[in-house]
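Peer 1: Pasting upload39.txt below, which is compact mmCIF, C-alpha atoms and all ligand atoms.
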# COMPACT_ATOMS: atom_id res chain seq x y z
CA MET X 414 -5.35 -45.27 -48.23
CA LYS X 415 -3.19 -43.13 -50.47
CA ARG X 416 -0.43 -41.01 -49.01
CA ARG X 417 -2.16 -37.71 -49.95
CA ASP X 418 -5.47 -38.88 -48.41
CA PHE X 419 -3.64 -39.91 -45.25
CA ILE X 420 -1.94 -36.48 -44.91
CA ASN X 421 -5.26 -34.68 -45.48
CA TRP X 422 -6.92 -36.90 -42.89
CA VAL X 423 -4.19 -36.21 -40.30
CA GLY X 424 -4.38 -32.45 -40.98
CA LEU X 425 -8.16 -32.39 -40.63
CA SER X 426 -7.95 -34.43 -37.42
CA ALA X 427 -5.45 -31.95 -35.95
CA ILE X 428 -7.75 -29.01 -36.71
CA VAL X 429 -10.83 -30.75 -35.32
CA SER X 430 -9.05 -31.87 -32.16
CA SER X 431 -7.72 -28.36 -31.43
CA LEU X 432 -11.09 -26.67 -31.99
CA PRO X 433 -12.38 -27.14 -28.40
CA VAL X 434 -9.17 -25.57 -27.02
CA ALA X 435 -9.56 -22.55 -29.31
CA ILE X 436 -13.21 -22.12 -28.32
CA ALA X 437 -12.35 -22.38 -24.62
CA ALA X 438 -9.62 -19.77 -24.98
CA CYS X 439 -12.03 -17.36 -26.63
CA SER X 440 -14.67 -18.03 -23.97
CA ASP X 441 -12.26 -17.19 -21.13
CA GLN X 442 -11.39 -13.87 -22.72
CA THR X 443 -15.04 -12.97 -23.13
CA ALA X 444 -15.86 -13.96 -19.56
CA SER X 445 -13.12 -11.73 -18.12
CA GLU X 446 -14.71 -8.68 -19.80
CA GLU X 447 -18.10 -9.30 -18.20
CA TRP X 448 -19.42 -8.27 -14.79
CA GLN X 449 -17.99 -10.35 -11.98
CA THR X 450 -18.95 -10.44 -8.33
CA VAL X 451 -16.20 -9.20 -6.01
CA GLY X 452 -18.10 -9.07 -2.72
CA THR X 453 -21.32 -8.31 -0.95
CA VAL X 454 -23.03 -5.01 -0.26
CA ALA X 455 -22.69 -5.71 3.49
CA GLU X 456 -18.89 -6.00 3.09
CA LEU X 457 -18.77 -2.73 1.11
CA ASP X 458 -21.00 -0.86 3.57
CA GLU X 459 -18.94 -2.01 6.55
CA ASP X 460 -15.89 0.13 5.67
CA GLY X 461 -17.05 2.16 2.68
CA GLN X 462 -14.51 0.26 0.61
CA LEU X 463 -13.79 -3.27 -0.46
CA LEU X 464 -10.32 -4.55 -1.34
CA VAL X 465 -10.27 -7.75 -3.37
CA LYS X 466 -6.89 -9.35 -3.96
CA ASN X 467 -6.14 -11.46 -7.00
CA TRP X 468 -9.37 -10.76 -8.88
CA PRO X 469 -8.68 -12.92 -10.87
CA SER X 470 -5.07 -11.89 -11.38
CA VAL X 471 -5.08 -8.26 -10.22
CA ASN X 472 -6.28 -6.44 -7.12
CA VAL X 473 -9.42 -4.31 -7.12
CA LEU X 474 -10.40 -1.61 -4.64
CA VAL X 475 -14.06 -0.56 -4.73
CA VAL X 476 -14.91 2.66 -2.88
CA GLY X 477 -18.42 3.73 -1.87
CA THR X 478 -21.47 2.34 -0.14
CA SER X 479 -24.92 1.19 -1.11
CA GLU X 480 -25.97 4.85 -0.60
CA SER X 481 -23.39 6.20 -3.11
CA ALA X 482 -24.57 7.53 -6.44
CA ASN X 483 -21.52 6.01 -8.11
CA LEU X 484 -18.96 3.48 -7.01
CA ILE X 485 -15.25 3.99 -7.70
CA ALA X 486 -13.17 0.96 -8.64
CA VAL X 487 -9.44 0.88 -9.35
CA ASP X 488 -6.50 -1.47 -9.35
CA PRO X 489 -4.86 -0.12 -6.17
CA THR X 490 -1.38 -1.07 -7.31
CA CYS X 491 0.65 2.15 -7.37
CA THR X 492 2.09 2.68 -10.82
CA HIS X 493 5.34 4.02 -9.36
CA SER X 494 6.73 0.90 -7.70
CA GLY X 495 3.80 -1.34 -6.90
CA CYS X 496 2.75 -0.49 -3.34
CA THR X 497 -0.97 -0.67 -2.57
CA VAL X 498 -2.64 2.73 -2.48
CA THR X 499 -5.35 3.54 0.06
CA TRP X 500 -8.50 5.61 -0.24
CA GLU X 501 -8.38 8.93 1.61
CA ALA X 502 -12.03 9.94 1.88
CA GLU X 503 -11.35 13.39 3.35
CA GLY X 504 -9.28 14.35 0.32
CA ASN X 505 -11.37 12.34 -2.15
CA LYS X 506 -8.20 10.72 -3.47
CA PHE X 507 -5.98 7.65 -3.36
CA GLY X 508 -2.65 7.96 -1.60
CA CYS X 509 0.47 5.85 -1.64
CA ARG X 510 2.36 5.68 1.63
CA CYS X 511 5.55 4.37 0.04
CA HIS X 512 6.72 7.53 -1.74
CA GLY X 513 3.77 9.92 -1.50
CA ALA X 514 2.06 9.61 -4.88
CA GLU X 515 -1.55 10.75 -5.02
CA TYR X 516 -4.29 9.87 -7.48
CA ALA X 517 -7.68 11.48 -8.08
CA SER X 518 -10.83 9.39 -7.69
CA ASP X 519 -10.72 8.67 -11.44
CA GLY X 520 -7.21 7.24 -11.09
CA GLN X 521 -5.36 10.18 -12.66
CA VAL X 522 -2.06 11.18 -11.08
CA GLN X 523 -2.29 14.28 -8.87
CA ARG X 524 1.17 14.08 -7.35
CA GLY X 525 4.30 12.14 -8.26
CA PRO X 526 6.55 10.32 -8.27
CA ALA X 527 3.97 8.20 -10.13
CA THR X 528 3.47 9.26 -13.74
CA GLU X 529 0.88 6.73 -14.95
CA PRO X 530 -2.76 6.63 -13.78
CA LEU X 531 -4.29 3.78 -11.81
CA LYS X 532 -6.20 1.26 -13.90
CA THR X 533 -9.93 1.83 -13.41
CA TYR X 534 -12.95 -0.45 -13.47
CA THR X 535 -16.68 0.01 -13.64
CA ALA X 536 -18.56 -1.10 -10.53
CA LYS X 537 -22.20 -1.49 -9.64
CA ILE X 538 -24.48 -3.03 -7.04
CA GLU X 539 -26.95 -5.66 -8.10
CA ASN X 540 -29.16 -7.27 -5.48
CA ASP X 541 -26.77 -7.98 -2.57
CA SER X 542 -23.61 -8.20 -4.68
CA VAL X 543 -20.90 -5.77 -5.75
CA LEU X 544 -19.98 -6.33 -9.39
CA VAL X 545 -16.95 -5.09 -11.31
CA LYS X 546 -15.85 -5.22 -14.93
CA PRO X 547 -12.80 -3.89 -16.75
CA ASN X 548 -13.21 -0.58 -18.58
FE1 LIG H 601 3.68 4.43 -4.70
FE2 LIG H 601 6.30 4.82 -4.95
S1 LIG H 601 5.24 2.94 -4.89
S2 LIG H 601 4.74 6.30 -4.75
Output the file's structure in the form of structure tokens.

Peer 2:
Amino acid sequence: MKRRDFINWVGLSAIVSSLPVAIAACSDQTASEEWQTVGTVAELDEDGQLLVKNWPSVNVLVVGTSESANLIAVDPTCTHSGCTVTWEAEGNKFGCRCHGAEYASDGQVQRGPATEPLKTYTAKIENDSVLVKPN
């Protein structure tokens, strides 16, 4: 085998051997943008909210019940300093007990010290499962 043929063969082998890794990386990214189950309808209906930690790397808080017209879903990590916000149904808002920030149901800041909105998700019920996907 000539030197040039050998180098071409090694280069082609490197590309072919790395192809499955590249495909897997692309597949993971696609999967994370699709609907994923975060709990059951029974769990959601029990408290009117469902907190899922590390989904898959962030937290998700789904608010509502199987009777709700729309479900609310946010990353409940306060954008001020990282405390977990809670849903305050009577005020229809999220509140942070650490320093008093408040967020509307769509995640927008209503009261500081936070200045950035909560990250939001789209949520739905399908059969007996609660599903969420990134916006
Ligand atoms: Fe939420 Fe400071 S961490 S207001």

Peer 1: Around ligand LIG 601 (chain H), at most 8 Å away and counting all atoms listed in the file, which residues are there? Put them as a ChimeraX atom specification, please.

Peer 2: /X:490-498,508-515,525-527

Peer 1: Which residues come within 10 Å of Asn472 in chain X, counting all atoms listed in the file, excluding same-chain residues fewer than 5 positions away, as a PyMOL selection string?

Peer 2: chain X and resi 464-467+487-490+497

Peer 1: Could you tell me which of X:Val543, X:Val476, X:Ala536, X:Ala482 comes closest to Gly461 in chain X if we count all atoms listed in the file?

Peer 2: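 Of the candidates, the smallest distance to Gly461 in chain X is held by X:Val476.
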
Peer 1: With only C-alpha atoms as the atoms that count, which of X:Thr535, X:Asn505, X:Thr528, X:Ser542 lies nearest to Glu446 in chain X?

Peer 2: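 Of the candidates, the smallest distance to Glu446 in chain X is held by X:Thr535.
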
Peer 1: Between X:Thr533, X:Asn548, X:Thr499, X:Gln449, which has the minimum distance to Pro469 in chain X (counting all atoms listed in the file)?

Peer 2: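 Ranking X:Thr533, X:Asn548, X:Thr499, X:Gln449 by distance to Pro469 in chain X, first place goes to X:Gln449.
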
Peer 1: Using all atoms listed in the file, which of the listed residues (X:Glu529, X:Glu480, X:Ser518, X:Arg524) sits closest to Ala455 in chain X?

Peer 2: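 Looking only at the distances to Ala455 in chain X, the closest residue turns out to be X:Glu480.
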
Peer 1: Please report the interatomic distance between CA of Pro547 in chain X and CA of Gly452 in chain X in Å with one decimal.

Peer 2: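 One can read the CA of Pro547 in chain X to CA of Gly452 in chain X distance as 15.9 Å.
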
Peer 1: Can you tell me how far CA of Asp541 in chain X sits from CA of Gly520 in chain X, in Å to one decimal?

Peer 2: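 CA of Asp541 in chain X sits 26.2 Å away from CA of Gly520 in chain X.
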
Peer 1: Report, in Å with one decimal, the straight-line distance from CA of Val475 in chain X to CA of Glu539 in chain X.

Peer 2: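 Calculated distance between CA of Val475 in chain X and CA of Glu539 in chain X is 14.3 Å.
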
Peer 1: For a quick check of understanding, using only C-alpha atoms, which of X:Val473, X:Leu531, X:Leu484, X:Val451 has the smallest distance to Tyr516 in chain X?

Peer 2: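 Looking only at the distances to Tyr516 in chain X, the closest residue turns out to be X:Leu531.
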
Peer 1: Which of these, X:Asp519, X:Glu447, X:Glu456, X:Glu503, has the shortest distance to Lys532 in chain X once you count only C-alpha atoms?

Peer 2: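 With only C-alpha atoms as the atom set, the closest residue is X:Asp519.
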